[in-house]
Amino acid sequence: MIGGFNFISKEAEEDIDDPTSFYIIPDKRKSGSFKNYLSDLKRLSAGKNKWTIFLISSETKKEADIHFLTTANIHTNRSTTILDQDGFDYLYNMVTREMEDTLGIKTDINRYRPAGPKNVSVIIGGGIETNTFTIRIFSELMVWDTRYMAVAKTLAEAIAHTLSASNGKQMTDTAILKESGLGYQQ
């Protein structure tokens, strides 16, 4: 947990010969570690005032460097993965203004493929039981660009402000880093 946010990541690949995304989950993968992962996500995100945000990177350069995804396709029986549209709109407008005006970084929303039935946002109930959305960031922006910390800070502050407003609780800033055998410690 950093800055009041819970963070779940894919720590290691179970089968390096058959790597699998934890974002688009094929039916055959809904057991084992995937079952635990989905169970944790559902438990942490259940509720109309809860938000789950998927951060993914893209190696493909598009017109904008940061893409937001909140739409769901026709096969999901919903049109969006958001319940609190006003809260999301506020967050998106805040991030867009800061990114473009302060950092010169373009954002867009729902310009590309909507979430389908195998997307984790849909699987955990986005748009029906909880709020979920995806932020897709051009990988070079977070690896090679000198503004990467400003981008991370801007996103974290906008998200914290919006989430605090939506659930009436002030986000706490903690210095707790997860402990694992895979690298970083507190």
# chains A, B, ... in the order shown; residues from 1 in each chain; ligands from 1
>>> closest_atom_pairs(of="region 62-120 of chain A", to="region 38-57 of chain A", cutoff="8 Å", atoms="only C-alpha atoms", output="CSV")
residue,atom,partner,partner_atom,distance
A:Leu83,CA,A:Lys48,CA,6.7
A:Asp84,CA,A:Lys48,CA,7.6
A:Val120,CA,A:Leu38,CA,8.0
>>> write_last_selection(atoms="N, CA, C and O atoms", output="PDB file, in the first residue's frame")
ATOM      1  N   LEU A  83     -19.773   2.886 -12.228  1.00  0.00           N
ATOM      2  CA  LEU A  83     -21.067   3.164 -11.607  1.00  0.00           C
ATOM      3  C   LEU A  83     -21.207   4.654 -11.299  1.00  0.00           C
ATOM      4  O   LEU A  83     -22.258   5.239 -11.503  1.00  0.00           O
ATOM      5  N   ASP A  84     -20.147   5.260 -10.797  1.00  0.00           N
ATOM      6  CA  ASP A  84     -20.152   6.674 -10.429  1.00  0.00           C
ATOM      7  C   ASP A  84     -19.568   7.485 -11.591  1.00  0.00           C
ATOM      8  O   ASP A  84     -18.403   7.874 -11.564  1.00  0.00           O
ATOM      9  N   VAL A 120     -10.585  -8.392 -17.085  1.00  0.00           N
ATOM     10  CA  VAL A 120     -10.723  -8.500 -15.638  1.00  0.00           C
ATOM     11  C   VAL A 120     -11.675  -7.446 -15.074  1.00  0.00           C
ATOM     12  O   VAL A 120     -12.374  -7.691 -14.095  1.00  0.00           O
TER      13      VAL A 120
END
>>> select_by_dssp(residues="region 56-133 of chain A", states="helix (DSSP H, G or I)", output="PyMOL selection string")
chain A and resi 74-76+85-103+120-123
>>> select_by_dssp(residues="region 4-76 of chain A", states="strand (DSSP E or B)", output="mmCIF file with N, CA, C and O atoms, in the first residue's frame")
data_model
loop_
_atom_site.group_PDB
_atom_site.id
_atom_site.type_symbol
_atom_site.label_atom_id
_atom_site.label_comp_id
_atom_site.auth_asym_id
_atom_site.auth_seq_id
_atom_site.Cartn_x
_atom_site.Cartn_y
_atom_site.Cartn_z
ATOM 1 N N PHE A 5 -3.363 3.485 -1.220
ATOM 2 C CA PHE A 5 -3.890 2.581 -2.230
ATOM 3 C C PHE A 5 -3.411 1.155 -1.980
ATOM 4 O O PHE A 5 -2.251 0.938 -1.646
ATOM 5 N N ILE A 24 -6.447 -9.741 -19.396
ATOM 6 C CA ILE A 24 -7.391 -10.457 -20.253
ATOM 7 C C ILE A 24 -7.238 -11.931 -19.888
ATOM 8 O O ILE A 24 -6.212 -12.543 -20.150
ATOM 9 N N TRP A 51 -13.340 1.559 -6.008
ATOM 10 C CA TRP A 51 -12.750 1.783 -7.327
ATOM 11 C C TRP A 51 -11.580 0.825 -7.513
ATOM 12 O O TRP A 51 -10.742 0.688 -6.617
ATOM 13 N N THR A 52 -11.515 0.191 -8.663
ATOM 14 C CA THR A 52 -10.372 -0.633 -9.036
ATOM 15 C C THR A 52 -9.826 -0.076 -10.335
ATOM 16 O O THR A 52 -10.566 0.106 -11.301
ATOM 17 N N ILE A 53 -8.543 0.192 -10.341
ATOM 18 C CA ILE A 53 -7.892 0.819 -11.492
ATOM 19 C C ILE A 53 -6.810 -0.125 -11.995
ATOM 20 O O ILE A 53 -5.930 -0.533 -11.228
ATOM 21 N N PHE A 54 -6.889 -0.457 -13.256
ATOM 22 C CA PHE A 54 -5.892 -1.326 -13.872
ATOM 23 C C PHE A 54 -4.912 -0.465 -14.637
ATOM 24 O O PHE A 54 -5.303 0.304 -15.511
ATOM 25 N N LEU A 55 -3.640 -0.571 -14.263
ATOM 26 C CA LEU A 55 -2.573 0.147 -14.951
ATOM 27 C C LEU A 55 -1.876 -0.837 -15.881
ATOM 28 O O LEU A 55 -1.368 -1.868 -15.428
ATOM 29 N N ILE A 56 -1.893 -0.510 -17.142
ATOM 30 C CA ILE A 56 -1.188 -1.354 -18.108
ATOM 31 C C ILE A 56 -0.315 -0.467 -18.977
ATOM 32 O O ILE A 56 -0.550 0.740 -19.086
ATOM 33 N N SER A 57 0.692 -1.052 -19.579
ATOM 34 C CA SER A 57 1.568 -0.274 -20.454
ATOM 35 C C SER A 57 1.395 -0.742 -21.884
ATOM 36 O O SER A 57 0.936 -1.852 -22.143
ATOM 37 N N SER A 58 1.756 0.141 -22.773
ATOM 38 C CA SER A 58 1.659 -0.162 -24.195
ATOM 39 C C SER A 58 2.973 0.189 -24.866
ATOM 40 O O SER A 58 3.549 1.243 -24.603
ATOM 41 N N ILE A 66 -1.521 8.650 -22.765
ATOM 42 C CA ILE A 66 -2.274 8.034 -21.679
ATOM 43 C C ILE A 66 -3.717 7.849 -22.130
ATOM 44 O O ILE A 66 -4.386 8.811 -22.516
ATOM 45 N N HIS A 67 -4.168 6.595 -22.104
ATOM 46 C CA HIS A 67 -5.522 6.249 -22.552
ATOM 47 C C HIS A 67 -6.323 5.728 -21.366
ATOM 48 O O HIS A 67 -5.839 4.901 -20.600
ATOM 49 N N PHE A 68 -7.542 6.193 -21.249
ATOM 50 C CA PHE A 68 -8.467 5.698 -20.238
ATOM 51 C C PHE A 68 -9.512 4.841 -20.927
ATOM 52 O O PHE A 68 -9.976 5.181 -22.016
ATOM 53 N N LEU A 69 -9.886 3.732 -20.302
ATOM 54 C CA LEU A 69 -10.905 2.839 -20.847
ATOM 55 C C LEU A 69 -11.978 2.590 -19.800
ATOM 56 O O LEU A 69 -11.687 2.090 -18.712
ATOM 57 N N THR A 71 -15.408 1.804 -21.288
ATOM 58 C CA THR A 71 -16.515 1.193 -22.018
ATOM 59 C C THR A 71 -16.392 -0.319 -22.048
ATOM 60 O O THR A 71 -15.304 -0.876 -21.976
ATOM 61 N N ALA A 72 -17.539 -0.965 -22.154
ATOM 62 C CA ALA A 72 -17.595 -2.421 -22.267
ATOM 63 C C ALA A 72 -18.328 -2.752 -23.566
ATOM 64 O O ALA A 72 -19.217 -2.009 -23.990
#
>>> residues_around(residues="Glu13 (chain A)", least_positions_apart="6", cutoff="12 Å", atoms="only C-alpha atoms", output="PyMOL selection string")
chain A and resi 19-22+33-34
>>> residues_around(residues="Ser79 (chain A)", least_positions_apart="5", cutoff="10 Å", atoms="only C-alpha atoms", output="list in words")
Thr70, Thr71, Ala72, Asn73, Ile74, Pro114, Ala115 and Gly127 of chain A
>>> write_last_selection(atoms="all heavy atoms", output="JSON list (two decimals), in the first residue's frame")
[["chain", "number", "residue", "atom", "x", "y", "z"],
["A", 70, "THR", "N", -13.22, 2.95, -20.16],
["A", 70, "THR", "CA", -14.36, 2.71, -19.27],
["A", 70, "THR", "C", -15.51, 2.02, -19.99],
["A", 70, "THR", "O", -16.50, 1.68, -19.35],
["A", 70, "THR", "CB", -14.91, 4.03, -18.68],
["A", 70, "THR", "OG1", -15.44, 4.83, -19.74],
["A", 70, "THR", "CG2", -13.84, 4.79, -17.93],
["A", 71, "THR", "N", -15.41, 1.80, -21.29],
["A", 71, "THR", "CA", -16.51, 1.19, -22.02],
["A", 71, "THR", "C", -16.39, -0.32, -22.05],
["A", 71, "THR", "O", -15.30, -0.88, -21.98],
["A", 71, "THR", "CB", -16.60, 1.71, -23.47],
["A", 71, "THR", "OG1", -15.35, 1.46, -24.13],
["A", 71, "THR", "CG2", -16.90, 3.19, -23.52],
["A", 72, "ALA", "N", -17.54, -0.96, -22.15],
["A", 72, "ALA", "CA", -17.59, -2.42, -22.27],
["A", 72, "ALA", "C", -18.33, -2.75, -23.57],
["A", 72, "ALA", "O", -19.22, -2.01, -23.99],
["A", 72, "ALA", "CB", -18.32, -3.02, -21.06],
["A", 73, "ASN", "N", -17.98, -3.87, -24.16],
["A", 73, "ASN", "CA", -18.61, -4.20, -25.44],
["A", 73, "ASN", "C", -19.96, -4.89, -25.25],
["A", 73, "ASN", "O", -20.36, -5.24, -24.14],
["A", 73, "ASN", "CB", -17.66, -4.99, -26.35],
["A", 73, "ASN", "CG", -17.43, -6.42, -25.93],
["A", 73, "ASN", "OD1", -18.25, -7.03, -25.24],
["A", 73, "ASN", "ND2", -16.31, -6.98, -26.35],
["A", 74, "ILE", "N", -20.65, -5.11, -26.34],
["A", 74, "ILE", "CA", -22.02, -5.64, -26.34],
["A", 74, "ILE", "C", -22.12, -7.02, -25.69],
["A", 74, "ILE", "O", -23.17, -7.37, -25.14],
["A", 74, "ILE", "CB", -22.58, -5.64, -27.78],
["A", 74, "ILE", "CG1", -24.07, -5.85, -27.76],
["A", 74, "ILE", "CG2", -21.86, -6.68, -28.62],
["A", 74, "ILE", "CD1", -24.73, -5.58, -29.10],
["A", 114, "PRO", "N", -13.16, -1.60, -26.59],
["A", 114, "PRO", "CA", -13.81, -1.67, -25.27],
["A", 114, "PRO", "C", -13.51, -2.99, -24.57],
["A", 114, "PRO", "O", -13.08, -3.96, -25.19],
["A", 114, "PRO", "CB", -15.29, -1.54, -25.59],
["A", 114, "PRO", "CG", -15.42, -2.04, -26.99],
["A", 114, "PRO", "CD", -14.12, -1.72, -27.68],
["A", 115, "ALA", "N", -13.76, -3.02, -23.27],
["A", 115, "ALA", "CA", -13.54, -4.23, -22.48],
["A", 115, "ALA", "C", -14.54, -5.30, -22.87],
["A", 115, "ALA", "O", -15.73, -5.02, -23.02],
["A", 115, "ALA", "CB", -13.66, -3.91, -21.00],
["A", 127, "GLY", "N", -19.04, -1.79, -13.46],
["A", 127, "GLY", "CA", -20.26, -1.26, -14.07],
["A", 127, "GLY", "C", -21.53, -1.85, -13.52],
["A", 127, "GLY", "O", -22.62, -1.34, -13.78]]
>>> closest_residue(among="A:Ile109, A:Ile135, A:Val95, A:Ser121", to="Thr154 (chain A)", atoms="only C-alpha atoms")
A:Val95
>>> atom_distance(atom1="CA of Leu141 (chain A)", atom2="CA of Glu100 (chain A)")
13.8 Å
>>> decode(residues="region 89-102 of chain A", atoms="N, CA and C atoms", output="mmCIF file, in the first residue's frame")
data_model
loop_
_atom_site.group_PDB
_atom_site.id
_atom_site.type_symbol
_atom_site.label_atom_id
_atom_site.label_comp_id
_atom_site.auth_asym_id
_atom_site.auth_seq_id
_atom_site.Cartn_x
_atom_site.Cartn_y
_atom_site.Cartn_z
ATOM 1 N N ASP A 89 -15.821 11.255 -14.287
ATOM 2 C CA ASP A 89 -15.648 12.422 -15.161
ATOM 3 C C ASP A 89 -14.793 13.491 -14.482
ATOM 4 N N TYR A 90 -15.037 13.695 -13.186
ATOM 5 C CA TYR A 90 -14.246 14.659 -12.428
ATOM 6 C C TYR A 90 -12.769 14.247 -12.431
ATOM 7 N N LEU A 91 -12.506 12.980 -12.133
ATOM 8 C CA LEU A 91 -11.137 12.467 -12.120
ATOM 9 C C LEU A 91 -10.489 12.630 -13.493
ATOM 10 N N TYR A 92 -11.180 12.218 -14.541
ATOM 11 C CA TYR A 92 -10.612 12.281 -15.892
ATOM 12 C C TYR A 92 -10.309 13.726 -16.285
ATOM 13 N N ASN A 93 -11.231 14.634 -16.014
ATOM 14 C CA ASN A 93 -11.007 16.036 -16.369
ATOM 15 C C ASN A 93 -9.841 16.628 -15.587
ATOM 16 N N MET A 94 -9.723 16.247 -14.321
ATOM 17 C CA MET A 94 -8.621 16.729 -13.484
ATOM 18 C C MET A 94 -7.280 16.221 -14.024
ATOM 19 N N VAL A 95 -7.211 14.933 -14.332
ATOM 20 C CA VAL A 95 -5.971 14.346 -14.861
ATOM 21 C C VAL A 95 -5.634 14.966 -16.214
ATOM 22 N N THR A 96 -6.619 15.082 -17.078
ATOM 23 C CA THR A 96 -6.380 15.627 -18.414
ATOM 24 C C THR A 96 -5.846 17.049 -18.330
ATOM 25 N N ARG A 97 -6.466 17.863 -17.507
ATOM 26 C CA ARG A 97 -6.031 19.262 -17.365
ATOM 27 C C ARG A 97 -4.584 19.320 -16.866
ATOM 28 N N GLU A 98 -4.282 18.549 -15.826
ATOM 29 C CA GLU A 98 -2.925 18.562 -15.277
ATOM 30 C C GLU A 98 -1.895 18.015 -16.275
ATOM 31 N N MET A 99 -2.225 16.903 -16.917
ATOM 32 C CA MET A 99 -1.283 16.289 -17.853
ATOM 33 C C MET A 99 -1.004 17.205 -19.045
ATOM 34 N N GLU A 100 -2.057 17.752 -19.615
ATOM 35 C CA GLU A 100 -1.879 18.560 -20.818
ATOM 36 C C GLU A 100 -1.327 19.945 -20.510
ATOM 37 N N ASP A 101 -1.906 20.637 -19.513
ATOM 38 C CA ASP A 101 -1.482 22.012 -19.225
ATOM 39 C C ASP A 101 -0.116 22.078 -18.561
ATOM 40 N N THR A 102 0.136 21.189 -17.619
ATOM 41 C CA THR A 102 1.369 21.253 -16.845
ATOM 42 C C THR A 102 2.515 20.472 -17.485
#
